[in-house]
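Below is entry_17.txt, which holds compact mmCIF, C-alpha atoms.
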# COMPACT_ATOMS: atom_id res chain seq x y z
CA MET T 79 -2.67 -18.63 -21.56
CA PRO T 80 -2.87 -15.52 -19.32
CA ASN T 81 -4.99 -15.66 -16.22
CA THR T 82 -8.20 -13.61 -16.59
CA PHE T 83 -10.64 -12.18 -14.07
CA SER T 84 -14.27 -11.21 -13.96
CA PRO T 85 -14.68 -7.41 -14.28
CA LEU T 86 -17.32 -7.59 -11.54
CA ALA T 87 -14.95 -9.24 -9.06
CA LYS T 88 -13.47 -7.32 -6.14
CA LYS T 89 -9.93 -5.98 -6.45
CA PHE T 90 -7.35 -8.74 -6.18
CA LYS T 91 -4.78 -8.59 -3.37
CA PRO T 92 -1.71 -10.76 -4.03
CA PRO T 93 -0.15 -11.36 -0.59
CA SER T 94 3.37 -10.26 -1.56
CA PHE T 95 2.32 -6.85 -2.93
CA TYR T 96 -0.06 -6.42 0.01
CA LYS T 97 2.84 -7.05 2.45
CA LEU T 98 5.10 -4.64 0.54
CA PHE T 99 2.51 -1.85 0.45
CA ALA T 100 1.07 -2.42 3.95
CA PRO T 101 3.33 0.11 5.79
CA ALA T 102 2.23 2.87 3.39
CA ARG T 103 -1.41 1.82 3.52
CA ASN T 104 -1.37 2.03 7.33
CA ILE T 105 -0.17 5.63 7.07
CA LEU T 106 -2.91 6.81 4.69
CA ASN T 107 -5.52 7.28 7.43
CA THR T 108 -3.17 9.63 9.32
CA ILE T 109 -2.39 12.12 6.53
CA THR T 110 -4.28 15.08 5.07
CA PRO T 111 -7.06 13.73 2.78
CA LEU T 112 -6.75 14.48 -0.92
CA GLU T 113 -9.92 16.26 -1.97
CA SER T 114 -11.38 17.21 -5.33
CA ARG T 115 -11.01 20.88 -6.25
CA GLY T 116 -14.48 21.05 -7.79
CA ASN T 117 -17.81 19.29 -7.77
CA ARG T 118 -16.60 16.29 -9.74
CA PRO T 119 -15.27 13.33 -7.73
CA LEU T 120 -11.61 12.36 -8.09
CA GLN T 121 -10.98 9.91 -10.91
CA MET T 122 -7.88 8.74 -9.07
CA ASN T 123 -7.69 8.95 -5.28
CA PHE T 124 -4.39 9.31 -3.45
CA GLU T 125 -4.05 5.59 -2.66
CA ASP T 126 -4.53 4.79 -6.36
CA GLN T 127 -1.94 7.41 -7.28
CA LEU T 128 0.58 6.12 -4.74
CA LYS T 129 0.11 2.47 -5.68
CA ALA T 130 0.47 3.28 -9.39
CA LEU T 131 3.78 5.08 -8.86
CA VAL T 132 5.14 2.41 -6.51
CA TYR T 133 4.26 -0.18 -9.16
CA PHE T 134 5.89 2.04 -11.82
CA HIS T 135 9.21 1.95 -9.96
CA LEU T 136 8.94 -1.66 -8.81
CA GLU T 137 8.38 -2.99 -12.32
CA GLU T 138 10.90 -0.69 -14.07
CA HIS T 139 8.46 0.95 -16.47
CA THR T 140 10.00 3.45 -18.87
CA SER T 141 7.29 6.11 -19.25
CA GLY T 142 3.86 7.21 -18.10
CA ARG T 143 2.30 5.88 -21.29
CA HIS T 144 3.98 2.52 -20.68
CA LEU T 145 2.50 2.40 -17.17
CA LEU T 146 -0.99 3.34 -18.40
CA GLN T 147 -0.92 0.62 -21.05
CA VAL T 148 0.12 -1.92 -18.43
CA LEU T 149 -2.63 -0.76 -16.04
CA GLU T 150 -5.18 -1.31 -18.80
CA GLU T 151 -3.94 -4.50 -20.46
CA ASP T 152 -1.90 -6.44 -17.88
CA ASP T 153 -3.97 -8.70 -15.61
CA VAL T 154 -1.70 -8.21 -12.60
CA ALA T 155 -1.68 -4.41 -12.82
CA ARG T 156 -5.37 -4.09 -13.69
CA GLU T 157 -6.55 -6.29 -10.84
CA THR T 158 -4.01 -5.14 -8.24
CA ILE T 159 -3.06 -1.53 -8.97
CA ALA T 160 -5.48 0.27 -11.31
CA PRO T 161 -8.55 2.12 -9.96
CA GLN T 162 -11.77 0.05 -10.09
CA GLU T 163 -13.10 2.05 -13.06
CA GLY T 164 -9.72 2.32 -14.80
CA ILE T 165 -7.85 5.55 -15.38
CA LYS T 166 -7.74 7.87 -18.40
CA LYS T 167 -4.48 9.37 -19.63
CA SER T 168 -5.61 12.94 -18.97
CA SER T 169 -6.70 12.13 -15.40
CA PHE T 170 -3.45 10.31 -14.66
CA PHE T 171 -1.12 13.08 -15.84
CA GLU T 172 -3.28 15.78 -14.25
CA ALA T 173 -2.99 13.95 -10.92
CA ILE T 174 0.79 13.52 -11.18
CA ASN T 175 1.50 17.10 -12.26
CA SER T 176 -0.86 19.02 -9.99
CA ARG T 177 -2.13 16.97 -7.03
CA GLY T 178 -0.88 15.04 -4.04
CA LEU T 179 2.54 16.58 -3.34
CA ASN T 180 1.73 17.38 0.29
CA GLN T 181 0.40 13.85 0.80
CA PHE T 182 3.53 12.30 -0.75
CA ILE T 183 5.71 14.37 1.60
CA GLN T 184 3.68 13.20 4.60
CA VAL T 185 3.86 9.54 3.55
CA PHE T 186 7.62 9.79 2.94
CA GLU T 187 8.27 11.37 6.34
CA ALA T 188 6.08 8.87 8.21
CA LEU T 189 7.53 5.91 6.33
CA GLN T 190 11.09 7.12 6.94
CA ALA T 191 10.38 7.31 10.67
CA GLN T 192 8.89 3.80 10.59
CA ALA T 193 11.85 2.38 8.64
CA SER T 194 14.24 3.96 11.16
CA LYS T 195 12.64 1.85 13.89
CA VAL T 196 12.61 -1.39 11.85
CA LEU T 197 16.13 -1.29 10.40
CA PRO T 198 19.21 -1.96 12.55
CA SER T 199 21.61 0.92 13.12
CA GLU T 200 25.27 0.43 12.17
CA HIS T 201 28.36 2.45 13.15
CA THR T 202 26.58 3.77 16.25
CA ASP T 203 29.96 4.51 17.86
CA LEU T 204 30.42 7.26 15.25
CA GLY T 205 27.09 8.93 16.05
CA ASN T 206 24.11 9.74 13.81
CA LEU T 207 25.65 10.08 10.35
CA VAL T 208 23.85 11.82 7.48
CA ALA T 209 25.55 11.87 4.08
CA ILE T 210 24.56 14.86 1.93
CA ASP T 211 24.81 14.97 -1.83
CA GLY T 212 22.96 16.00 -4.97
CA SER T 213 21.98 14.14 -8.11
CA LEU T 214 21.29 15.70 -11.52
CA VAL T 215 18.14 14.89 -13.48
CA ASP T 216 18.23 15.38 -17.26
CA ALA T 217 15.34 17.67 -18.19
CA THR T 218 13.41 18.23 -21.41
CA LEU T 219 13.23 21.56 -23.24
CA SER T 220 9.76 22.20 -21.85
CA MET T 221 11.17 22.06 -18.30
CA TYR T 222 12.28 25.71 -18.49
CA TRP T 223 12.51 25.93 -14.70
CA ALA T 224 15.26 23.26 -14.57
CA ASP T 225 18.26 25.58 -15.01
CA TYR T 226 20.72 24.14 -12.53
CA ARG T 227 23.56 24.11 -15.04
CA ASP T 228 24.36 26.70 -17.73
CA GLY T 229 23.94 25.49 -21.30
CA SER T 230 21.69 22.52 -20.50
CA ASN T 231 18.40 21.82 -18.78
CA LYS T 232 18.96 19.88 -15.59
CA ALA T 233 17.17 19.70 -12.26
CA LYS T 234 19.01 18.76 -9.10
CA VAL T 235 17.79 16.61 -6.25
CA HIS T 236 19.41 17.14 -2.85
CA VAL T 237 19.25 14.15 -0.50
CA GLY T 238 20.14 13.56 3.12
CA PHE T 239 21.00 9.88 3.55
CA ASP T 240 20.85 8.05 6.90
CA VAL T 241 24.20 6.26 6.78
CA ASN T 242 23.52 4.25 9.93
CA ARG T 243 20.42 2.57 8.48
CA GLY T 244 21.10 2.90 4.76
CA ILE T 245 17.94 4.82 3.81
CA PRO T 246 17.07 8.30 2.48
CA LYS T 247 16.16 10.79 5.20
CA LYS T 248 15.37 14.16 3.60
CA ILE T 249 14.81 15.39 0.05
CA PHE T 250 14.81 18.78 -1.69
CA LEU T 251 14.59 19.84 -5.32
CA SER T 252 16.43 22.94 -6.55
CA ASN T 253 14.09 25.91 -7.08
CA LEU T 254 11.17 24.03 -5.55
CA PRO T 255 10.41 24.76 -1.87
CA VAL T 256 9.34 21.73 0.12
CA ARG T 257 6.96 22.94 2.81
CA LYS T 258 8.29 26.40 1.92
CA LEU T 259 11.51 25.72 3.81
CA THR T 260 13.73 27.26 1.16
CA GLN T 261 13.79 28.60 -2.33
CA THR T 262 16.78 29.67 -4.38
CA GLY T 263 16.56 31.85 -7.43
CA GLY T 264 18.58 31.43 -10.62
CA LYS T 265 21.12 28.64 -10.59
CA ALA T 266 20.84 26.20 -7.72
CA ASP T 267 23.45 26.02 -4.98
CA GLU T 268 23.88 22.88 -2.94
CA ARG T 269 25.23 24.53 0.20
CA PRO T 270 22.00 26.09 1.55
CA PHE T 271 20.35 22.67 1.51
CA ALA T 272 22.91 21.29 3.96
CA ASN T 273 21.52 23.65 6.61
CA LEU T 274 18.07 22.15 6.13
CA ILE T 275 19.20 18.53 6.03
CA ILE T 276 21.36 18.41 9.18
CA SER T 277 19.51 18.37 12.50
CA GLN T 278 20.90 19.09 15.95
CA GLY T 279 23.12 16.26 17.17
CA GLU T 280 23.59 14.75 13.70
CA THR T 281 26.85 14.69 11.75
CA GLY T 282 26.58 15.76 8.12
CA ILE T 283 29.14 14.17 5.80
CA MET T 284 29.84 16.27 2.69
CA ASP T 285 32.17 16.58 -0.27
CA ARG T 286 34.27 19.64 -1.14
CA TYR T 287 31.48 21.57 -2.82
CA TYR T 288 29.85 22.18 0.57
CA GLN T 289 32.93 23.93 2.00
CA ARG T 290 31.73 27.22 3.40
CA HIS T 291 33.35 28.61 6.52
CA LYS T 292 30.30 30.64 7.60
CA ASN T 293 28.33 27.39 7.66
CA PHE T 294 31.00 25.70 9.80
CA ASP T 295 30.59 28.48 12.39
CA GLN T 296 26.79 28.41 12.17
CA TRP T 297 26.61 24.62 12.62
CA GLN T 298 28.83 24.74 15.69
CA ARG T 299 26.58 27.39 17.27
CA GLU T 300 23.50 25.29 16.43
CA LYS T 301 25.14 22.15 17.88
CA LYS T 302 25.19 20.41 14.54
CA HIS T 303 28.20 18.33 13.56
CA TYR T 304 29.94 18.08 10.21
CA LEU T 305 32.63 16.20 8.33
CA CYS T 306 33.40 18.13 5.16
CA ARG T 307 36.18 17.52 2.69
CA ILE T 308 38.04 20.77 2.00
CA ARG T 309 40.50 21.97 -0.59
CA ALA T 310 44.10 21.06 0.25
CA ASN T 311 45.29 24.66 -0.23
CA THR T 312 42.81 26.12 2.28
CA LYS T 313 44.69 28.40 4.68
CA LYS T 314 45.03 27.07 8.21
CA MET T 315 46.13 28.97 11.31
CA VAL T 316 47.26 26.19 13.64
CA ILE T 317 46.19 26.43 17.27
CA LYS T 318 47.10 22.92 18.39
CA ARG T 319 48.65 19.88 16.72
CA ASN T 320 47.44 16.43 17.76
CA ASP T 321 49.68 13.38 17.98
CA ILE T 322 49.70 10.98 15.01
CA THR T 323 50.48 7.26 15.21
CA THR T 324 53.31 6.13 12.95
CA ASP T 325 51.51 3.08 11.48
CA SER T 326 48.46 5.08 10.34
CA ASN T 327 47.51 6.58 6.98
CA ILE T 328 46.78 9.83 8.86
CA PHE T 329 49.45 12.46 8.14
CA TYR T 330 47.83 15.58 9.62
CA ASP T 331 45.64 16.25 12.68
CA ALA T 332 45.31 19.74 14.11
CA VAL T 333 42.92 22.28 15.61
CA VAL T 334 42.92 25.38 13.42
CA LEU T 335 41.12 28.48 12.24
CA LEU T 336 40.28 27.97 8.56
CA GLY T 337 40.52 30.61 5.85
CA THR T 338 42.08 34.03 5.32
CA LYS T 339 42.09 36.27 8.40
CA GLY T 340 39.58 39.09 8.17
CA VAL T 341 38.01 37.64 5.02
CA THR T 342 36.88 34.00 5.18
CA GLN T 343 38.46 32.84 8.45
CA THR T 344 36.26 30.83 10.79
CA GLU T 345 35.35 32.31 14.15
CA GLU T 346 35.10 28.88 15.77
CA GLU T 347 37.94 26.40 16.05
CA VAL T 348 37.93 23.61 13.48
CA ARG T 349 39.67 20.27 13.54
CA VAL T 350 41.38 19.24 10.30
CA VAL T 351 42.33 15.62 9.68
CA ALA T 352 44.16 14.53 6.54
CA TYR T 353 44.80 11.00 5.33
CA GLN T 354 46.12 9.32 2.22
CA ILE T 355 44.82 6.38 0.18
CA GLY T 356 47.17 5.42 -2.61
CA ASN T 357 48.24 8.66 -4.30
CA LYS T 358 45.12 10.54 -3.21
CA LYS T 359 45.03 12.83 -0.18
CA TYR T 360 41.87 13.81 1.68
CA TRP T 361 41.59 16.88 3.92
CA ILE T 362 38.58 16.73 6.27
CA ALA T 363 37.27 19.65 8.34
CA THR T 364 35.14 18.70 11.33
CA ASN T 365 33.91 19.73 14.75
CA ARG T 366 33.93 16.12 15.95
CA PHE T 367 36.71 16.56 18.52
CA ASP T 368 35.55 13.40 20.30
CA LEU T 369 36.58 11.00 17.50
CA SER T 370 40.03 9.65 16.83
CA ALA T 371 41.65 10.65 13.54
CA GLU T 372 41.09 7.11 12.25
CA GLU T 373 37.39 7.33 13.13
CA VAL T 374 37.12 10.66 11.29
CA SER T 375 38.60 9.06 8.15
CA LEU T 376 36.29 6.03 8.49
CA ALA T 377 33.21 8.23 8.90
CA TYR T 378 34.11 10.23 5.80
CA LYS T 379 34.64 7.05 3.77
CA LEU T 380 31.05 6.06 4.66
CA ARG T 381 29.90 9.04 2.55
CA TRP T 382 30.35 6.72 -0.42
CA ASN T 383 27.17 4.90 0.71
CA ILE T 384 25.01 7.71 -0.70
CA GLU T 385 26.73 7.35 -4.08
CA THR T 386 26.00 3.61 -4.00
CA PHE T 387 22.38 4.35 -3.12
CA PHE T 388 21.96 6.82 -5.99
CA GLY T 389 23.42 4.31 -8.45
CA TRP T 390 21.18 1.43 -7.30
CA TRP T 391 18.08 3.63 -7.05
CA LYS T 392 18.48 4.99 -10.58
CA ARG T 393 19.44 1.67 -12.17
CA HIS T 394 16.88 -0.68 -10.62
CA LEU T 395 13.88 1.55 -9.86
CA LYS T 396 14.17 3.71 -13.00
CA VAL T 397 13.56 6.86 -10.96
CA TYR T 398 14.78 9.28 -13.63
CA HIS T 399 12.60 7.94 -16.45
CA LEU T 400 10.41 11.03 -16.28
CA ILE T 401 6.63 10.84 -16.39
CA ALA T 402 6.18 14.47 -15.32
CA ARG T 403 7.52 17.77 -16.65
CA SER T 404 6.46 20.23 -13.96
CA GLU T 405 8.36 20.95 -10.75
CA HIS T 406 5.39 19.55 -8.82
CA GLY T 407 5.24 16.38 -10.91
CA LEU T 408 8.98 15.72 -10.78
CA MET T 409 8.99 16.06 -7.00
CA VAL T 410 6.01 13.68 -6.77
CA GLN T 411 7.82 11.11 -8.92
CA ILE T 412 11.07 11.38 -6.93
CA LEU T 413 9.20 11.09 -3.63
CA ALA T 414 7.39 8.01 -4.99
CA GLY T 415 10.77 6.52 -5.88
CA LEU T 416 12.07 7.15 -2.35
CA ILE T 417 8.86 5.70 -0.86
CA THR T 418 9.28 2.59 -3.01
CA TYR T 419 12.84 2.18 -1.73
CA LEU T 420 11.69 2.58 1.90
CA LEU T 421 8.94 -0.01 1.36
CA LEU T 422 11.49 -2.41 -0.10
CA ALA T 423 13.87 -1.77 2.82
CA ILE T 424 11.15 -2.62 5.35
CA TYR T 425 9.94 -5.62 3.31
CA CYS T 426 13.44 -7.12 2.88
CA ARG T 427 14.22 -6.68 6.57
CA GLU T 428 10.92 -8.14 7.84
CA GLN T 429 10.64 -10.98 5.31
CA HIS T 430 14.30 -11.93 4.81
CA ASN T 431 16.28 -10.10 7.52
CA GLU T 432 18.37 -8.56 4.74
CA LYS T 433 19.17 -5.21 3.18
CA VAL T 434 17.56 -4.19 -0.10
CA GLY T 435 19.05 -6.16 -3.00
CA ILE T 436 18.08 -6.63 -6.61
CA LYS T 437 17.81 -10.41 -6.15
CA ARG T 438 15.02 -9.95 -3.57
CA VAL T 439 13.33 -7.29 -5.71
CA ARG T 440 13.25 -9.63 -8.72
CA GLU T 441 12.00 -12.42 -6.50
CA LEU T 442 9.19 -10.15 -5.27
CA ARG T 443 8.15 -9.25 -8.82
CA ILE T 444 7.95 -12.94 -9.74
CA LYS T 445 6.00 -13.83 -6.59
CA ILE T 446 3.38 -11.16 -7.27
CA ARG T 447 2.79 -12.48 -10.79
CA ASN T 448 2.68 -16.09 -9.64
CA GLU T 449 0.16 -15.28 -6.90
CA VAL T 450 -2.16 -13.54 -9.36
CA ALA T 451 -1.79 -16.31 -11.94
CA ASN T 452 -2.65 -18.94 -9.32
CA GLY T 453 -5.49 -16.97 -7.75
CA ILE T 454 -3.76 -16.62 -4.38
CA ASN T 455 -5.42 -13.73 -2.56
CA TYR T 456 -4.44 -12.00 0.67
CA VAL T 457 -6.33 -13.20 3.74
CA PRO T 458 -6.06 -11.15 6.98
CA PRO T 459 -4.78 -13.12 10.01
CA GLU T 460 -8.18 -13.05 11.76
CA LYS T 461 -9.90 -14.50 8.69
CA GLN T 462 -7.17 -17.12 8.33
CA TYR T 463 -8.11 -18.31 11.84
CA LEU T 464 -11.80 -18.49 10.89
CA LYS T 465 -10.97 -20.46 7.75
CA GLU T 466 -8.94 -22.94 9.79
CA GLN T 467 -11.89 -23.31 12.22
CA ASP T 468 -14.28 -23.95 9.31
CA PHE T 469 -11.86 -26.48 7.82
CA ASN T 470 -11.52 -28.35 11.12
CA HIS T 471 -15.31 -28.28 11.65
CA LEU T 472 -15.88 -29.68 8.15
CA HIS T 473 -13.51 -32.60 8.75
CA ALA T 474 -15.01 -33.26 12.18
CA ASN T 475 -18.42 -33.80 10.57
CA THR T 476 -17.18 -36.17 7.85
Could you render the structure from this file as structure tokens?
Amino acid sequence: MPNTFSPLAKKFKPPSFYKLFAPARNILNTITPLESRGNRPLQMNFEDQLKALVYFHLEEHTSGRHLLQVLEEDDVARETIAPQEGIKKSSFFEAINSRGLNQFIQVFEALQAQASKVLPSEHTDLGNLVAIDGSLVDATLSMYWADYRDGSNKAKVHVGFDVNRGIPKKIFLSNLPVRKLTQTGGKADERPFANLIISQGETGIMDRYYQRHKNFDQWQREKKHYLCRIRANTKKMVIKRNDITTDSNIFYDAVVLLGTKGVTQTEEEVRVVAYQIGNKKYWIATNRFDLSAEEVSLAYKLRWNIETFFGWWKRHLKVYHLIARSEHGLMVQILAGLITYLLLAIYCREQHNEKVGIKRVRELRIKIRNEVANGINYVPPEKQYLKEQDFNHLHANT
């Protein structure tokens, strides 16, 4: 028989969900408040909106209607997640599609900075590595703005991924300016987003689609680093050849000017390293002259981590099960999915000293339900101390 609660009782706080959500909750007082646009009070404040979307991704719901039914009928969701007075369908979808984007951006940025301090950094000898890639989102016919690809409606998400810590770092959506940093018209192009994702001193790791010699020159002048796979037939004017060890899979290492002279040739010198795995050859352009050729190949191989992230994120958090059709709403949902991942990364590190894994996520889901079923509520540390004092006092008098 399902556990039931009095409608007059205070909101229930299962300890496990409270621990998961705590880093985001601590940020809420530092961001721009979400205010009503008229005289009527908000039916769903920003914390309610954020918690609902985190719960949506955590529990693998398949649609907005599915989530709303759960918030109304499921004891765990109603007592832990839903607003005190409940939420109507119209209010929920209005909030997702038109409110809170700026607040979601602020929470994501603050949470990403917090996760960067909590999570250990790997491959530090290779520098600050940021993998850059895009992921397509299947759109509905009503999403007329999602015209990334001719002949079909698709939106494209562009992500900068912190390879050292294994977490998302920056996010952009084609045709939607985030903080008005960029906006492209017509069909989306991935390459302009690389300029926005890489910061000074970081090394962007990119696939062949990002090959653009003007960008290579610009990044060198801005003291940004890059490792970009290039086409094998790209013209190279060799300036200096570097020595290659005989027992290595490296077969080319040289300092060159890339491209056709007077047309696409780089102004700045570029290092090109090529290596072979099986029958496949990889040509990597970089301005990391400080790394060995083997380190360049290793750093590029780490780009696969963003592909692994995309696969896990889509499969286990159901990020692309759309509950919004507007550009605003899709960005809110994607940001909520990234925030959920960051919360899980912090939770798994602090509670289990592990990386995010589906086993721990399933375990968390089960723990939340068990805590609600057994009436286990969160008690702050200071109140835990008072309860222990009361308990000891009671036994001292008996």
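All residues of protein, DNA or RNA that reach within 8 Å of Lys318 (chain T), judged by all atoms listed in the file and not counting those fewer than 4 positions away in the chain, are Ala332, Val333 and Val334 of chain T.
The gap separating CA of Gly205 (chain T) from CA of Ala423 (chain T) is 21.5 Å, in Å to one decimal.
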*Near His291 (chain T), within 12 Å and counting all atoms listed in the file, which residues show up once chain neighbours fewer than 2 positions away are dropped, as a VMD selection string?*
chain T and resid 269 286 to 289 293 to 298 304 306 308 312 to 314 335 to 339 341 to 348 363 to 364
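The two atoms in question, CA of Gly435 (chain T) and CA of Glu280 (chain T), are spaced 27.1 Å apart.
Nearest-residue note for Leu98 (chain T): choosing from T:Val132, T:Ala377, T:Leu400, T:Ile249, the minimum distance belongs to T:Val132, counting only C-alpha atoms.
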*Which of these residues is nearest to Arg403 (chain T), using only C-alpha atoms: T:Gly279, T:Pro119, T:Gly142, T:Gly415?*
T:Gly142
*Find the spatial neighbours of Asp321 (chain T), counting all atoms listed in the file, within a cut-off of 10 Å - ignore same-chain residues fewer than 3 positions away - and output them as JSON, numbers by chain.*
{"T": [318, 324, 329, 330, 331, 332, 371]}
*asked:* Just want the 6 Å neighbourhood of region 160-177 of chain T, counted on all atoms listed in the file, with same-chain residues fewer than 4 positions away dropped. Output as an MDAnalysis selection string.
replied: chainID T and resid 149 156 406:407
_Atomic distance CA of Tyr353 (chain T) - CA of Thr202 (chain T), expressed in Å with one decimal_ = 22.4 Å
